[in-house]
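*Asks:* Handing you a structure now.
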Amino acid sequence: TQLLEQSPQFLSIQEGENLTVYCNSSSVFSSLQWYRQEPGEGPVLLVTVVTGGEVKKLKRLTFQFGDARKDSSLHITAAQPGDTGLYLCAGIETGNTPLVFGKGTRLSVIA
Amino acid sequence: DAGVIQSPRHEVTEMGQEVTLRCKPISGHNSLFWYRQTMMRGLELLIYFNNNVPIDDSGMPEDRFSAKMPNASFSTLKIQPSEPRDSAVYFCASRVGDYGYTFGSGTRLTVV
């Protein structure tokens with residue numbers, strides 16, 4: 001059983017479209033992170049959210065942490081081919097426990 | 001800052017052979033993590049260290065897997081003997097405090 005469920009698993013869209021990917025769990029997390037991974041490389045941290053209801057923006061990317069700290073979403077406005085990659089959410093349940101990852105959403109933005 | 005350095009980048013070996021993967025974390029980072037990534041199971045934590053001490057190795061799949069961190073700047077993950085089902089990308093990551101993880105570029109292991 002995956003602790004963090006991400007949806008959709010695959011997403012292919014045209015340049016300029018908007019999209020939202022989701023990360024859901026039945027567990028409560030003290031913090032949640034989003035990473036982006038490109039082929040042949042390791043995941044790279046995009047953002048960390050720690051407060052229920054928190055919204056963070058990173059250029060065209062908007063991240064939201066659910067009020068109950070069990071879920072999160074990533075919204076991309078006006079997607080560009082450079083946004084193509086594997087988007088991973090990862091959470092820490094308590095204190096010093098290590099990150100657990102979802103399986104990711106593989107995004108392809110077509111020019 | 002050179003980031004987390006892993007070697008080798010690619011490893012192809014025959015079933016039954018010993019494989020050693022290496023990791024140099026970022027200087028000053030006090031936590032080190034080994035993950036394995038496959039299409040089927042995603043990123044799975046194998047083991048992690050705090051201040052060079054192994055804290056949780058419950059993710060190590062079998063006794064064939066072992067990891068060491070002899071000092072703050074070096075860690076190894078060893079598989080002996082290797083099996084085809086061990087084929088995956090193995091990542092090392094390091095962290096300081098509550099900040100996000102910094103991952104290496106991974107070692108793609110193929111066991112034939």
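Identifiers in the structure tokens: chain A, B, ... in order shown; residue index from 1 per chain; ligand index from 1 in order shown.
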Counting only C-alpha atoms, what is within 7 Å of range 23-30 of chain A, bar same-chain residues fewer than 6 positions away, as a PyMOL selection string?

*Replies:* chain A and resi 3-7+50+69-73+89+91-94

*Asks:* Determine which residues of chain B sit within 10 Å of chain A, taking into account only C-alpha atoms, and present them as a PyMOL selection string.

*Replies:* chain B and resi 4+9+31+33+37-45+47-48+50+55-56+89-93+97-108

*Asks:* Just C-alpha atoms for this one: save the residues we selected as a CSV table (one decimal), in the first residue's frame.

*Replies:*
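Saved result, again_30.csv, follows:
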```csv
chain,number,residue,atom,x,y,z
B,4,VAL,CA,25.9,14.8,-3.7
B,9,ARG,CA,26.7,6.3,-12.9
B,31,SER,CA,21.9,12.8,7.4
B,33,PHE,CA,19.7,8.3,2.8
B,37,GLN,CA,13.7,3.7,-7.7
B,38,THR,CA,11.8,1.4,-10.1
B,39,MET,CA,8.8,2.0,-12.3
B,40,MET,CA,6.7,-0.4,-10.4
B,41,ARG,CA,7.4,0.7,-6.8
B,42,GLY,CA,8.7,4.3,-7.2
B,43,LEU,CA,11.3,5.6,-4.7
B,44,GLU,CA,11.7,3.3,-1.8
B,45,LEU,CA,13.9,4.1,1.3
B,47,ILE,CA,18.4,2.8,4.9
B,48,TYR,CA,19.4,6.1,6.4
B,50,ASN,CA,22.3,10.3,11.1
B,55,ILE,CA,19.1,4.6,12.2
B,56,ASP,CA,16.6,2.5,10.2
B,89,VAL,CA,18.3,3.2,-10.1
B,90,TYR,CA,19.9,3.7,-6.7
B,91,PHE,CA,19.9,7.2,-5.3
B,92,CYS,CA,21.8,8.7,-2.4
B,93,ALA,CA,20.6,11.9,-0.7
B,97,GLY,CA,18.5,19.9,9.7
B,98,ASP,CA,14.9,20.1,8.5
B,99,TYR,CA,15.7,21.3,5.0
B,100,GLY,CA,14.9,19.4,1.8
B,101,TYR,CA,16.9,16.5,0.6
B,102,THR,CA,19.6,16.9,-2.0
B,103,PHE,CA,19.8,13.9,-4.3
B,104,GLY,CA,22.7,12.6,-6.3
B,105,SER,CA,22.3,11.7,-10.0
B,106,GLY,CA,21.9,8.0,-9.2
B,107,THR,CA,23.5,4.8,-10.2
B,108,ARG,CA,21.6,2.7,-12.8
```

*Asks:* For Leu107 in chain A, find every residue with an atom within 7 Å (counting only C-alpha atoms), except residues of its own chain fewer than 4 positions away, and show them as number ranges by chain.

*Replies:* A: 10-12, 84-86

*Asks:* Mind giving me the straight-line distance from CA of Lys57 in chain A to CA of Gln9 in chain A in Å, one decimal?

*Replies:*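 For CA of Lys57 in chain A relative to CA of Gln9 in chain A, the distance reads 22.8 Å.
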
*Asks:* As a ChimeraX atom specification, please: every residue in chain B that a backbone DSSP assignment puts in strand (DSSP E or B).

*Replies:* /B:5-7,10-13,19-24,31-38,42-50,53-56,65-71,74-79,88-95,102-103,107-111

*Asks:* Give me the residues near Pro81 in chain A as a PyMOL selection string, where near means some atom within 8 Å (using only C-alpha atoms) and where sequence neighbours in that chain fewer than 4 positions away do not count.

*Replies:* chain A and resi 15+108-111

*Asks:* When distances are computed from only C-alpha atoms, which of B:Gly59, B:Ser82, B:Asn51, B:Trp34 shows the smallest separation from Arg22 in chain B?

*Replies:*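 Ranking B:Gly59, B:Ser82, B:Asn51, B:Trp34 by distance to Arg22 in chain B, first place goes to B:Trp34.
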
*Asks:* Report the distance between CA of Val49 in chain A and CA of Leu61 in chain A in Å, rounded to one decimal place.

*Replies:*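 Going from CA of Val49 in chain A over to CA of Leu61 in chain A, I get 13.5 Å.
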
*Asks:* Expressed in Å to a single decimal, how great is the separation between CA of Thr51 in chain A and CA of Gln64 in chain A?

*Replies:*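 For CA of Thr51 in chain A relative to CA of Gln64 in chain A, the distance reads 9.7 Å.
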
*Asks:* For Cys23 in chain B, which residue among B:Ala88, B:Met60, B:Leu77, B:Val112 is the nearest when counting only C-alpha atoms?

*Replies:*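 With only C-alpha atoms as the atom set, the closest residue is B:Leu77.
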
*Asks:* So, with only C-alpha atoms as the atoms that count, which of A:Pro8, A:Thr20, A:Gly82, A:Ile13 lies closest to Phe63 in chain A?

*Replies:*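 When distances to Phe63 in chain A are compared using only C-alpha atoms, the smallest one comes from A:Thr20.
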
*Asks:* Measuring between only C-alpha atoms, which one of A:Tyr87, A:Lys56, A:Leu74, A:Gln80 shows the shortest distance to Tyr22 in chain A?

*Replies:* A:Leu74
